[in-house]
Amino acid sequence: MTSDRFRAGVRRRPQRHLPLQVLLGFLVVYFLVPFWWVIVNSSKDAPGLFGGGNTLWFADRIDYLGNLEQLFTYDNGIYGRWILNSTLYALVGGVGATVLAVMAGYGFAKYRFAARRFSFSLVLGALMVPATALVIPTFMMFSEFGLTNTIWAVILPSLLNPFGVYLMHVYARDAVPDEILDAARADGAGEVRTFLQVAFPLMRPAVVTVLLLSAVASWNNYFLPLAMLSDNRLFPVTVGLGLWQGIASANNAGSTSLWSLIVMGALVSVVPLVIAFFTLQRHWRGGLSVGGLR
């Protein structure tokens, strides 16, 4: 009797989860099709792109290396400079936003000070404000200080991450017991040492999460640098590809087909994000293990 019930339960279990599996399969296809389209079409030249063939499969002529070489040599290699600019903005903005979010979130979670609730309410209120709504006021403020059309016009606004502060506050409040901090203080450790050697290892999964989200947001940022920058040598790759798209739409590129370069440039711009994700994922798992052992 028991074995019959077990077999019946095994048979019913896949049927119960079948709608969820179908939904997940649909979402996987939905998110992978655009990426597959970029991979396929980055191998095509202009006739292959507009020749009327299958847009989700390779053309007769596959030329990744030719498109890649043309991408990094067109207009004196301006695309390489855009990649370096995006890397600078993502690294400085992502690391800076993470440092500020960790300190602010830990302070809100573990210290009691005047106007703490009011200050944290301001952080929560900032979460409700769309980032694009702040671009024009930020531009007017930066123009008063002469910071527009500089790298600081992109980096400084990226350092403010209210969601990162909120995430670090919630994680530090639940993952860092007050008893461990009190024990470290009783052993003579100062506040800085207590944070670096006791609290920070327990917070590492959340730190990696905030770092990844901040870096990706800085890398994909479009509207802010578009409004702040006028020198194309300071553009990130997102604004640079938008510039090329405008030129290609107006047919002002001469004999060069920018559409092939745009698609290849979009593919290359995704590679650093994929590398960053898989690199930080190792620290993600390691941080979870450290938190579990402690």
# chains A, B, ... in the order shown; residues from 1 in each chain; ligands from 1
>>> select_by_dssp(residues="region 28-82 of chain A", states="helix (DSSP H, G or I)", output="short mmCIF file (atom, residue, chain, number, x, y, z; two decimals) with N, CA, C and O atoms, in the first residue's frame")
data_model
loop_
_atom_site.label_atom_id
_atom_site.label_comp_id
_atom_site.auth_asym_id
_atom_site.auth_seq_id
_atom_site.Cartn_x
_atom_site.Cartn_y
_atom_site.Cartn_z
N VAL A 28 12.44 31.74 -20.45
CA VAL A 28 13.81 31.50 -20.93
C VAL A 28 13.92 31.82 -22.42
O VAL A 28 14.85 32.50 -22.86
N VAL A 29 12.96 31.33 -23.20
CA VAL A 29 12.97 31.61 -24.64
C VAL A 29 12.81 33.10 -24.89
O VAL A 29 13.48 33.68 -25.75
N TYR A 30 11.93 33.75 -24.13
CA TYR A 30 11.66 35.17 -24.32
C TYR A 30 12.91 36.01 -24.11
O TYR A 30 13.15 36.98 -24.84
N PHE A 31 13.71 35.64 -23.10
CA PHE A 31 14.90 36.43 -22.80
C PHE A 31 16.10 36.05 -23.66
O PHE A 31 17.01 36.86 -23.86
N LEU A 32 16.14 34.81 -24.15
CA LEU A 32 17.30 34.37 -24.94
C LEU A 32 17.19 34.70 -26.42
O LEU A 32 18.21 34.82 -27.09
N VAL A 33 15.96 34.86 -26.95
CA VAL A 33 15.81 35.14 -28.37
C VAL A 33 16.49 36.45 -28.78
O VAL A 33 17.22 36.48 -29.79
N PRO A 34 16.31 37.58 -28.05
CA PRO A 34 17.04 38.79 -28.46
C PRO A 34 18.56 38.63 -28.43
O PRO A 34 19.26 39.14 -29.31
N PHE A 35 19.05 37.91 -27.41
CA PHE A 35 20.50 37.69 -27.33
C PHE A 35 20.97 36.82 -28.49
O PHE A 35 22.04 37.06 -29.08
N TRP A 36 20.21 35.80 -28.84
CA TRP A 36 20.55 34.96 -29.99
C TRP A 36 20.52 35.77 -31.28
O TRP A 36 21.35 35.58 -32.16
N TRP A 37 19.56 36.69 -31.39
CA TRP A 37 19.48 37.54 -32.58
C TRP A 37 20.74 38.37 -32.73
O TRP A 37 21.27 38.53 -33.84
N VAL A 38 21.24 38.94 -31.64
CA VAL A 38 22.46 39.74 -31.69
C VAL A 38 23.65 38.87 -32.09
O VAL A 38 24.49 39.28 -32.90
N ILE A 39 23.75 37.67 -31.52
CA ILE A 39 24.86 36.78 -31.86
C ILE A 39 24.84 36.42 -33.34
O ILE A 39 25.88 36.45 -34.02
N VAL A 40 23.68 36.11 -33.87
CA VAL A 40 23.57 35.71 -35.27
C VAL A 40 23.86 36.88 -36.20
O VAL A 40 24.67 36.77 -37.14
N ASN A 41 23.23 38.01 -35.97
CA ASN A 41 23.33 39.13 -36.91
C ASN A 41 24.63 39.90 -36.80
O ASN A 41 24.96 40.67 -37.71
N ALA A 46 26.24 44.10 -44.38
CA ALA A 46 25.01 44.82 -44.73
C ALA A 46 24.09 44.03 -45.65
O ALA A 46 22.88 43.96 -45.42
N PRO A 47 24.60 43.39 -46.73
CA PRO A 47 23.69 42.57 -47.54
C PRO A 47 23.07 41.43 -46.78
O PRO A 47 21.91 41.06 -47.02
N GLY A 48 23.81 40.84 -45.84
CA GLY A 48 23.24 39.77 -45.05
C GLY A 48 22.17 40.25 -44.09
O GLY A 48 21.20 39.54 -43.82
N LEU A 49 22.33 41.49 -43.58
CA LEU A 49 21.32 42.03 -42.67
C LEU A 49 20.03 42.38 -43.38
O LEU A 49 18.93 42.15 -42.85
N PHE A 50 20.15 42.95 -44.56
CA PHE A 50 18.97 43.46 -45.26
C PHE A 50 18.64 42.65 -46.53
O PHE A 50 17.91 43.12 -47.38
N TYR A 64 32.70 37.29 -38.40
CA TYR A 64 32.84 37.90 -37.09
C TYR A 64 34.12 38.74 -37.01
O TYR A 64 34.11 39.88 -36.52
N LEU A 65 35.22 38.17 -37.48
CA LEU A 65 36.50 38.86 -37.35
C LEU A 65 36.53 40.14 -38.18
O LEU A 65 37.06 41.17 -37.73
N GLY A 66 35.96 40.10 -39.38
CA GLY A 66 35.93 41.30 -40.21
C GLY A 66 35.10 42.41 -39.58
O GLY A 66 35.52 43.58 -39.55
N ASN A 67 33.93 42.06 -39.07
CA ASN A 67 33.10 43.07 -38.41
C ASN A 67 33.76 43.59 -37.15
O ASN A 67 33.66 44.78 -36.83
N LEU A 68 34.43 42.70 -36.42
CA LEU A 68 35.10 43.12 -35.19
C LEU A 68 36.26 44.06 -35.49
O LEU A 68 36.45 45.08 -34.80
N GLU A 69 37.03 43.74 -36.52
CA GLU A 69 38.13 44.63 -36.90
C GLU A 69 37.63 45.99 -37.37
O GLU A 69 38.17 47.03 -36.97
N GLN A 70 36.57 45.99 -38.15
CA GLN A 70 36.02 47.25 -38.61
C GLN A 70 35.42 48.06 -37.46
O GLN A 70 35.48 49.29 -37.45
N LEU A 71 34.86 47.35 -36.46
CA LEU A 71 34.28 48.04 -35.31
C LEU A 71 35.33 48.83 -34.55
O LEU A 71 35.09 49.98 -34.16
N PHE A 72 36.50 48.23 -34.34
CA PHE A 72 37.52 48.88 -33.52
C PHE A 72 38.44 49.79 -34.34
O PHE A 72 39.33 50.42 -33.75
N THR A 73 38.27 49.86 -35.64
CA THR A 73 39.09 50.76 -36.46
C THR A 73 38.29 51.91 -37.04
O THR A 73 38.88 52.89 -37.51
N ILE A 78 37.13 54.90 -32.21
CA ILE A 78 36.35 55.58 -31.18
C ILE A 78 35.58 54.59 -30.32
O ILE A 78 35.32 54.85 -29.13
N TYR A 79 35.22 53.42 -30.88
CA TYR A 79 34.46 52.45 -30.10
C TYR A 79 35.28 51.92 -28.92
O TYR A 79 34.74 51.72 -27.82
N GLY A 80 36.57 51.69 -29.13
CA GLY A 80 37.42 51.25 -28.02
C GLY A 80 37.45 52.27 -26.90
O GLY A 80 37.47 51.90 -25.71
N ARG A 81 37.45 53.54 -27.25
CA ARG A 81 37.42 54.58 -26.23
C ARG A 81 36.09 54.56 -25.49
O ARG A 81 36.04 54.77 -24.27
N TRP A 82 35.00 54.31 -26.21
CA TRP A 82 33.69 54.23 -25.54
C TRP A 82 33.66 53.07 -24.56
O TRP A 82 33.09 53.20 -23.47
#
>>> closest_atom_pairs(of="region 58-111 of chain A", to="region 176-192 of chain A", cutoff="10 Å", atoms="only C-alpha atoms", output="tab-separated table")
residue	atom	partner	partner_atom	distance
A:Tyr106	CA	A:Val176	CA	9.4
A:Ala109	CA	A:Val176	CA	9.4
A:Lys110	CA	A:Asp178	CA	7.7
>>> residues_around(residues="Pro130 (chain A)", least_positions_apart="4", cutoff="12 Å", atoms="only C-alpha atoms", output="PyMOL selection string")
chain A and resi 125-126+134-135+161-163+223
>>> residues_around(residues="Val99 (chain A)", least_positions_apart="3", cutoff="10 Å", atoms="only C-alpha atoms", output="JSON, numbers by chain")
{"A": [93, 94, 95, 96, 102, 103, 104, 105, 159, 164, 165, 207, 210, 211]}
>>> closest_residue(among="A:Val22, A:Ser260, A:Phe139, A:Gln197", to="Ala248 (chain A)", atoms="only C-alpha atoms")
A:Ser260
>>> closest_residue(among="A:Phe277, A:Phe26, A:Trp57, A:Tyr89", to="Ala153 (chain A)", atoms="only C-alpha atoms")
A:Tyr89
>>> atom_distance(atom1="CA of Gly246 (chain A)", atom2="CA of Leu258 (chain A)")
9.9 Å
>>> closest_residue(among="A:Asn149, A:Thr87, A:Leu124, A:Ser269", to="Ser230 (chain A)", atoms="only C-alpha atoms")
A:Asn149
>>> atom_distance(atom1="CA of Thr194 (chain A)", atom2="CA of Leu167 (chain A)")
20.5 Å
>>> residues_around(residues="Asp63 (chain A)", least_positions_apart="5", cutoff="10 Å", atoms="only C-alpha atoms", output="PyMOL selection string")
chain A and resi 42-45+68
>>> closest_residue(among="A:Asp231, A:Leu241, A:Arg193, A:Ala250", to="Met264 (chain A)", atoms="only C-alpha atoms")
A:Leu241
>>> residues_around(residues="Thr150 (chain A)", least_positions_apart="3", cutoff="8 Å", atoms="only C-alpha atoms", output="list in words")
Leu147, Ala153, Val154, Met228, Leu229 and Leu234 of chain A
>>> write_last_selection(atoms="all heavy atoms", output="PDB file, in the first residue's frame")
ATOM      1  N   LEU A 147      30.674  71.399 -14.156  1.00  0.00           N
ATOM      2  CA  LEU A 147      31.038  69.988 -14.215  1.00  0.00           C
ATOM      3  C   LEU A 147      30.413  69.255 -15.385  1.00  0.00           C
ATOM      4  O   LEU A 147      30.681  68.061 -15.575  1.00  0.00           O
ATOM      5  CB  LEU A 147      30.618  69.291 -12.909  1.00  0.00           C
ATOM      6  CG  LEU A 147      31.377  69.708 -11.653  1.00  0.00           C
ATOM      7  CD1 LEU A 147      30.810  69.006 -10.432  1.00  0.00           C
ATOM      8  CD2 LEU A 147      32.865  69.430 -11.797  1.00  0.00           C
ATOM      9  N   ALA A 153      30.424  64.356 -14.241  1.00  0.00           N
ATOM     10  CA  ALA A 153      28.991  64.531 -14.453  1.00  0.00           C
ATOM     11  C   ALA A 153      28.272  63.198 -14.568  1.00  0.00           C
ATOM     12  O   ALA A 153      27.055  63.117 -14.344  1.00  0.00           O
ATOM     13  CB  ALA A 153      28.741  65.363 -15.711  1.00  0.00           C
ATOM     14  N   VAL A 154      28.998  62.134 -14.909  1.00  0.00           N
ATOM     15  CA  VAL A 154      28.416  60.802 -14.986  1.00  0.00           C
ATOM     16  C   VAL A 154      28.694  60.003 -13.715  1.00  0.00           C
ATOM     17  O   VAL A 154      27.846  59.251 -13.235  1.00  0.00           O
ATOM     18  CB  VAL A 154      28.959  60.047 -16.222  1.00  0.00           C
ATOM     19  CG1 VAL A 154      28.376  58.641 -16.313  1.00  0.00           C
ATOM     20  CG2 VAL A 154      28.656  60.823 -17.493  1.00  0.00           C
ATOM     21  N   MET A 228      24.401  64.970 -20.095  1.00  0.00           N
ATOM     22  CA  MET A 228      25.546  65.630 -19.472  1.00  0.00           C
ATOM     23  C   MET A 228      26.704  65.868 -20.432  1.00  0.00           C
ATOM     24  O   MET A 228      27.474  66.830 -20.266  1.00  0.00           O
ATOM     25  CB  MET A 228      26.046  64.792 -18.286  1.00  0.00           C
ATOM     26  CG  MET A 228      25.105  64.752 -17.109  1.00  0.00           C
ATOM     27  SD  MET A 228      25.007  66.363 -16.289  1.00  0.00           S
ATOM     28  CE  MET A 228      23.939  65.948 -14.917  1.00  0.00           C
ATOM     29  N   LEU A 229      26.874  65.011 -21.424  1.00  0.00           N
ATOM     30  CA  LEU A 229      28.079  65.019 -22.246  1.00  0.00           C
ATOM     31  C   LEU A 229      27.769  65.499 -23.654  1.00  0.00           C
ATOM     32  O   LEU A 229      26.733  65.159 -24.234  1.00  0.00           O
ATOM     33  CB  LEU A 229      28.695  63.621 -22.312  1.00  0.00           C
ATOM     34  CG  LEU A 229      29.028  62.957 -20.972  1.00  0.00           C
ATOM     35  CD1 LEU A 229      29.517  61.534 -21.190  1.00  0.00           C
ATOM     36  CD2 LEU A 229      30.051  63.776 -20.198  1.00  0.00           C
ATOM     37  N   LEU A 234      33.951  61.320 -24.642  1.00  0.00           N
ATOM     38  CA  LEU A 234      33.587  60.976 -23.275  1.00  0.00           C
ATOM     39  C   LEU A 234      32.357  60.078 -23.206  1.00  0.00           C
ATOM     40  O   LEU A 234      31.958  59.664 -22.115  1.00  0.00           O
ATOM     41  CB  LEU A 234      33.318  62.253 -22.454  1.00  0.00           C
ATOM     42  CG  LEU A 234      34.474  63.239 -22.321  1.00  0.00           C
ATOM     43  CD1 LEU A 234      34.029  64.467 -21.540  1.00  0.00           C
ATOM     44  CD2 LEU A 234      35.669  62.584 -21.633  1.00  0.00           C
TER      45      LEU A 234
END
